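Asker: Would you mind keeping the following structure in view while I ask a few things?
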Amino acid sequence: MNADDALLTDLLERASGRLAAYGYLLTGSQHAGEDLVQDAIVKVFVRRRRLPNAAAAEGYVRAAMRTLHLDRLRREARWRRVAPGLVGAGELPDHADAVAASDAVARGLASLSPRQRTAVVLRYFDDLPVADVAHEMRLATGTVKRYLSEALDRMASVVGTDIEIDERADVVAKGERP
Amino acid sequence: MNLHEELGRIGADATAGSGSRLTSVEVADGLGARVRRGRRQRALGGAGVVAGVALIAVGVWSFAPLGDSGPVGPAGTSVDSTPRYELPDIKGATEYTVDGSARMSDNVPVDLRLPNELICGAAVNLAEGVTVHDPSVLSAGVQVSAASRSLLDDDTVVDDPDSIWVGYEAHHFETAVGWQDGAGISTTTVPLLMRSGEIVGIGVAEGAEGGGPGGSAESGPLWSPLPGDCANGAPSGALVDGTYQPVLATQVWSANLQTALATIVVSGGDLEYTGVPQMAGSDVPENLATAGSVMLAGGFTCPATLGAAEATAHDGVEDTSTAALAPIPGTLETGRLYGYGDDALVGGYPAPLGPDAGLAVEEFGREPARLVLSSGEDRWVFDAAWSERDDLPHDDAGWFVALSQVWDCGSPDLIPAGDYRARLIYSDSIEGEVGTAVMSDVTVVQGVPSIPELDPEG
């Protein structure tokens with residue numbers, strides 16, 4: 001086993017759960033999330049970066065997942081304009097659907113549009129500043145703020161709790177990060 | 001509610017089983033295979049990137065004749081002194097000036113002009129710095145400034161690199177050559193790759209000449225060759241990973257190119273090259289024609305198409321030594337052009353380019369495209385279309401070009417067997433412009449000898 005293979009194995013053993021979770025949060029689908037993880041791993045390892053360890057590789061893969069996901073959102077938006085029936089076809093229900101159905105916050109997340117969902121994940125899970133979210137999504141800052149506001153309103157209506165006040169006041173205290 | 005933690009919990013809950021799937025042997029094997037395949041493709045693509053940049057560099061490196069006009073001041077004023085030419089400031093560059101402090105030697109280490117001398121495998125002693133061969137050059141005040149750099153495939157530039165991942169990184173010298181008095185001199189600059197005192201790669205030569213006081217050549221990147229890039233002969237045997245030395249050699253000549261006046265050498269130092277065998281493997285298609293130069297032409301109308309047949313390498317903006325592979329076979333079969341044997345092949349049947357022609361297709365294979373074959377006053381015009389296929393019963397999987405004769409443009413007859421001049425008019429050569437590739441000659445053979453089961457006599 002060469003060094004790259006060993007690093008890949010190490011990465012999968014250490015981080016596949018976290019990466020899959022991140023993939024799910026971005027895509028809203030367990031299967032699509034796993035595919036996103038694999039595509040991102042290929043993208044990172046093909047480029048022969050000098051990756052010192054699995055932790056560094058995980059960081060690269062997460063960044064690649066974000067890029068790939070946003071690229072797909074943009075592509076789907078283009079396809080949706082020219083061939084609406086082709087986008088989203090073929091998705092099968094997976095375990096994530098069951099979780100979403102039984103969890104109020106998950107239901108709230110599932111109620112968001114792909115762009116709103118992505119904005120929420122980048123802002124509140126990746127802890128990116130709004131300006132960085134806007135840069136990643138190639139949107140105006142104001143547009144991102146609108147997505148986030150609408151998303152939190154919608155989630156609050158599903159959850160039945162005022163997410164908006166808590167989250168907008170102090171979204172994530174860095175010290176509370178696991 | 002801490003939304004960050006809630007999202008993390010939701011993600012973990014929703015992906016039960018994902019961890020075990022992603023760590024399975026099947027997934028790991030599949031990922032490994034995709035990574036290897038991707039690296040292979042990038043390696044081949046990377047060569048294209050480097051070649052493409054080299055082509056552009058030819059255009060950038062142009063002589064700026066400032067000398068003849070003499071120094072000019074603001075209107076109504078006169079300038080009574082010769083302006084001192086200043087080389088552009090290149091960060092981290094090594095700078096050499098041809099002056100009295102240089103070592104003197106009658107021995108010219110290598111003639112950068114001569115194809116029979118500048119060859120791979122030649123052992124040459126290129127001493128770093130300035131070597132003056134004729135003291136008359138000292139009054140010219142020639143200066144060379146060069147910095148060793150590598151360009152990564154994500155556009156990152158590394159200063160003074162110590163390693164090169166072939167296919168992912170490209171080495172170059174950020175270079176400027178200038179002089180205080182260019183009267184009576186010319187310069188030739190060539191990036192070389194050396195190993196143990198032997199030339200193992202030869203880059204694209206650039207030159208400048210003429211000009212009086214204050215003349216200069218503009219600065220620009222000069223791309224170092226890869227091991228085995230040998231323009232004028234067979235590659236040397238050094239197609240292995242290891243330590244190589246990129247070198248930028250500039251030679252100053254008398255204006256009539258009869259006398260070598262000085263040699264200036266800037267070394268990039270020892271660089272560890274990795275991935276050389278993959279790059280230099282057998283994947284370069286051997287059956288393709290080459291496109292020796294590119295020029296802009298009039299488009300796809302019939303008169304423009306026929307006119308493009310007259311294009312020559314001299315019409316191009318590029319150096320003909322930078323030949324690229326064209327996505328057209330060097331040999332065409334009439335059986336594929338017009339059909340063969342009980343409709344086994346019908347007209348415009350795909351002609352194989354091989355599995356590794358993707359780079360050539362990417363470069364020239366944008367449609368619409370037309371191939372013009374000419375002999376004397378006769379012209380045959382074909383529409384060209386490219387595809388990657390694995391469903392043809394007589395051919396291995398790979399890239400193909402289907403050529404369909406345009407009957408109302410050029411000769412209305414079938415093209416007979418023989419050798420033809422070839423020009424490829426293709427789309428989007430530069431930002432939507434139609435271009436013409438001046439190709440190496442194409443041979444047309446009768447029948448379809450590449451498919452013995454159809455053409456046993458071929």
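As shown in the structure tokens, the chain order sets the letters A, B, ...; within each chain, residues go from 1, and ligands are also counted from 1 in the order they appear.
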Distance limit 9 Å, atoms considered: only C-alpha atoms. Which chain B residues sit that close to chain A? Return them as an MDAnalysis selection string.
Answerer: chainID B and resid 1:23 27:28 31:32 34:40 42 153 165 168
Asker: Which residues are close to stretch 143-153 of chain A, i.e. within 8 Å by only C-alpha atoms, leaving aside same-chain residues fewer than 6 positions away? Reply as a PyMOL selection string.
Answerer: chain A and resi 112+115-117+119-120+130+133-134+163-164
Asker: Compare B:Leu114, B:Val157, B:Leu239, B:Ala262 by their minimum atom-to-atom distance to B:Asp99, counting only C-alpha atoms, and give me the closest one.
Answerer: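 Residue with the minimum atom-to-atom distance to B:Asp99: B:Ala262.
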Asker: Could you pull the residues within 9 Å of B:Asn107, counting only C-alpha atoms, minus those fewer than 3 positions along the same chain, as an mmCIF file with N, CA, C and O atoms, in the first residue's frame?
Answerer:
```
data_model
loop_
_atom_site.group_PDB
_atom_site.id
_atom_site.type_symbol
_atom_site.label_atom_id
_atom_site.label_comp_id
_atom_site.auth_asym_id
_atom_site.auth_seq_id
_atom_site.Cartn_x
_atom_site.Cartn_y
_atom_site.Cartn_z
ATOM 1 N N MET B 104 36.185 35.367 -19.538
ATOM 2 C CA MET B 104 36.390 35.382 -20.984
ATOM 3 C C MET B 104 36.730 33.983 -21.460
ATOM 4 O O MET B 104 37.486 33.263 -20.810
ATOM 5 N N VAL B 110 27.780 25.834 -26.547
ATOM 6 C CA VAL B 110 26.813 25.227 -27.463
ATOM 7 C C VAL B 110 26.247 26.338 -28.323
ATOM 8 O O VAL B 110 26.047 27.456 -27.858
ATOM 9 N N HIS B 133 32.685 35.822 -25.162
ATOM 10 C CA HIS B 133 33.502 35.191 -26.211
ATOM 11 C C HIS B 133 34.180 36.235 -27.084
ATOM 12 O O HIS B 133 35.146 35.937 -27.774
#
```
Asker: Any chance you could list, as a compact mmCIF listing (two decimals) with N, CA and C atoms, in the first residue's frame, the residues in stretch 115-163 of chain A that come up alpha helix (DSSP H) when DSSP is run on the backbone?
Answerer:
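The new file result.txt reads:
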```txt
# COMPACT_ATOMS: atom_id res chain seq x y z
N ARG A 115 -31.02 26.19 -1.98
CA ARG A 115 -30.15 27.36 -1.73
C ARG A 115 -30.27 27.83 -0.29
N GLN A 116 -31.49 27.85 0.23
CA GLN A 116 -31.65 28.25 1.64
C GLN A 116 -30.92 27.27 2.54
N ARG A 117 -31.09 26.00 2.24
CA ARG A 117 -30.45 24.97 3.05
C ARG A 117 -28.93 25.13 3.03
N THR A 118 -28.41 25.36 1.83
CA THR A 118 -26.96 25.53 1.70
C THR A 118 -26.48 26.74 2.49
N ALA A 119 -27.23 27.81 2.37
CA ALA A 119 -26.85 29.03 3.11
C ALA A 119 -26.85 28.78 4.61
N VAL A 120 -27.84 28.05 5.07
CA VAL A 120 -27.92 27.75 6.51
C VAL A 120 -26.73 26.89 6.94
N VAL A 130 -21.28 35.92 6.92
CA VAL A 130 -22.23 36.09 5.81
C VAL A 130 -21.49 36.47 4.52
N ALA A 131 -20.50 37.31 4.67
CA ALA A 131 -19.76 37.73 3.46
C ALA A 131 -19.08 36.54 2.80
N ASP A 132 -18.57 35.63 3.59
CA ASP A 132 -17.92 34.44 3.02
C ASP A 132 -18.94 33.50 2.39
N VAL A 133 -20.10 33.41 3.05
CA VAL A 133 -21.16 32.58 2.45
C VAL A 133 -21.54 33.15 1.09
N ALA A 134 -21.67 34.47 1.04
CA ALA A 134 -22.03 35.11 -0.22
C ALA A 134 -20.95 34.86 -1.27
N HIS A 135 -19.70 34.91 -0.86
CA HIS A 135 -18.61 34.67 -1.80
C HIS A 135 -18.65 33.24 -2.32
N GLU A 136 -18.85 32.30 -1.40
CA GLU A 136 -18.88 30.88 -1.80
C GLU A 136 -20.04 30.62 -2.76
N MET A 137 -21.18 31.23 -2.45
CA MET A 137 -22.37 30.96 -3.25
C MET A 137 -22.49 31.89 -4.44
N THR A 141 -24.36 39.78 -0.70
CA THR A 141 -24.51 39.60 0.74
C THR A 141 -25.97 39.75 1.15
N GLY A 142 -26.65 40.73 0.57
CA GLY A 142 -28.04 40.94 0.91
C GLY A 142 -28.91 39.73 0.56
N THR A 143 -28.57 39.09 -0.54
CA THR A 143 -29.33 37.91 -0.94
C THR A 143 -29.15 36.79 0.07
N VAL A 144 -27.92 36.63 0.53
CA VAL A 144 -27.67 35.59 1.54
C VAL A 144 -28.43 35.90 2.82
N LYS A 145 -28.40 37.15 3.22
CA LYS A 145 -29.14 37.52 4.44
C LYS A 145 -30.62 37.21 4.28
N ARG A 146 -31.12 37.47 3.09
CA ARG A 146 -32.55 37.18 2.86
C ARG A 146 -32.80 35.68 2.93
N TYR A 147 -31.90 34.89 2.28
CA TYR A 147 -32.05 33.42 2.36
C TYR A 147 -32.07 32.96 3.81
N LEU A 148 -31.12 33.48 4.59
CA LEU A 148 -31.01 33.03 5.98
C LEU A 148 -32.24 33.43 6.79
N SER A 149 -32.69 34.64 6.57
CA SER A 149 -33.85 35.10 7.31
C SER A 149 -35.08 34.26 6.96
N GLU A 150 -35.29 34.04 5.67
CA GLU A 150 -36.43 33.22 5.25
C GLU A 150 -36.29 31.80 5.76
N ALA A 151 -35.07 31.29 5.73
CA ALA A 151 -34.85 29.92 6.17
C ALA A 151 -35.16 29.76 7.65
N LEU A 152 -34.68 30.70 8.43
CA LEU A 152 -34.93 30.61 9.88
C LEU A 152 -36.42 30.78 10.18
N ASP A 153 -37.08 31.66 9.44
CA ASP A 153 -38.53 31.81 9.63
C ASP A 153 -39.24 30.50 9.32
N ARG A 154 -38.84 29.90 8.22
CA ARG A 154 -39.52 28.67 7.82
C ARG A 154 -39.24 27.55 8.82
N MET A 155 -37.98 27.44 9.24
CA MET A 155 -37.65 26.39 10.21
C MET A 155 -38.40 26.62 11.51
N ALA A 156 -38.50 27.88 11.91
CA ALA A 156 -39.20 28.19 13.16
C ALA A 156 -40.66 27.78 13.07
N SER A 157 -41.23 27.99 11.89
CA SER A 157 -42.64 27.63 11.76
C SER A 157 -42.83 26.12 11.84
N VAL A 158 -41.84 25.37 11.38
CA VAL A 158 -41.95 23.90 11.45
C VAL A 158 -41.66 23.40 12.85
N VAL A 159 -40.60 23.96 13.45
CA VAL A 159 -40.18 23.51 14.77
C VAL A 159 -41.16 23.98 15.85
N ILE A 163 -36.52 29.97 16.52
CA ILE A 163 -35.10 29.80 16.20
C ILE A 163 -34.46 31.15 15.90
```
Asker: Please measure the separation of atom CA of B:Val98 and atom CA of B:Ala176, giving the value in Å to one decimal.
Answerer: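 Separation between atom CA of B:Val98 and atom CA of B:Ala176: 14.0 Å.
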Asker: Considering only C-alpha atoms, can you say which of B:Ala344, B:Leu332, B:Ala402, B:Ala397 comes closest to B:Ser450?
Answerer: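 Ranking B:Ala344, B:Leu332, B:Ala402, B:Ala397 by distance to B:Ser450, first place goes to B:Leu332.
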Asker: Tell me, in Å to one decimal, how far atom CA of B:Gly203 is from atom CA of B:Trp179.
Answerer: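 For atom CA of B:Gly203 relative to atom CA of B:Trp179, the distance reads 23.2 Å.
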Asker: Show me, as a ChimeraX atom specification, the residues that have an atom within 12 Å of B:Asp342 when counting only C-alpha atoms, minus same-chain residues fewer than 6 positions from it.
Answerer: /B:335,454-455
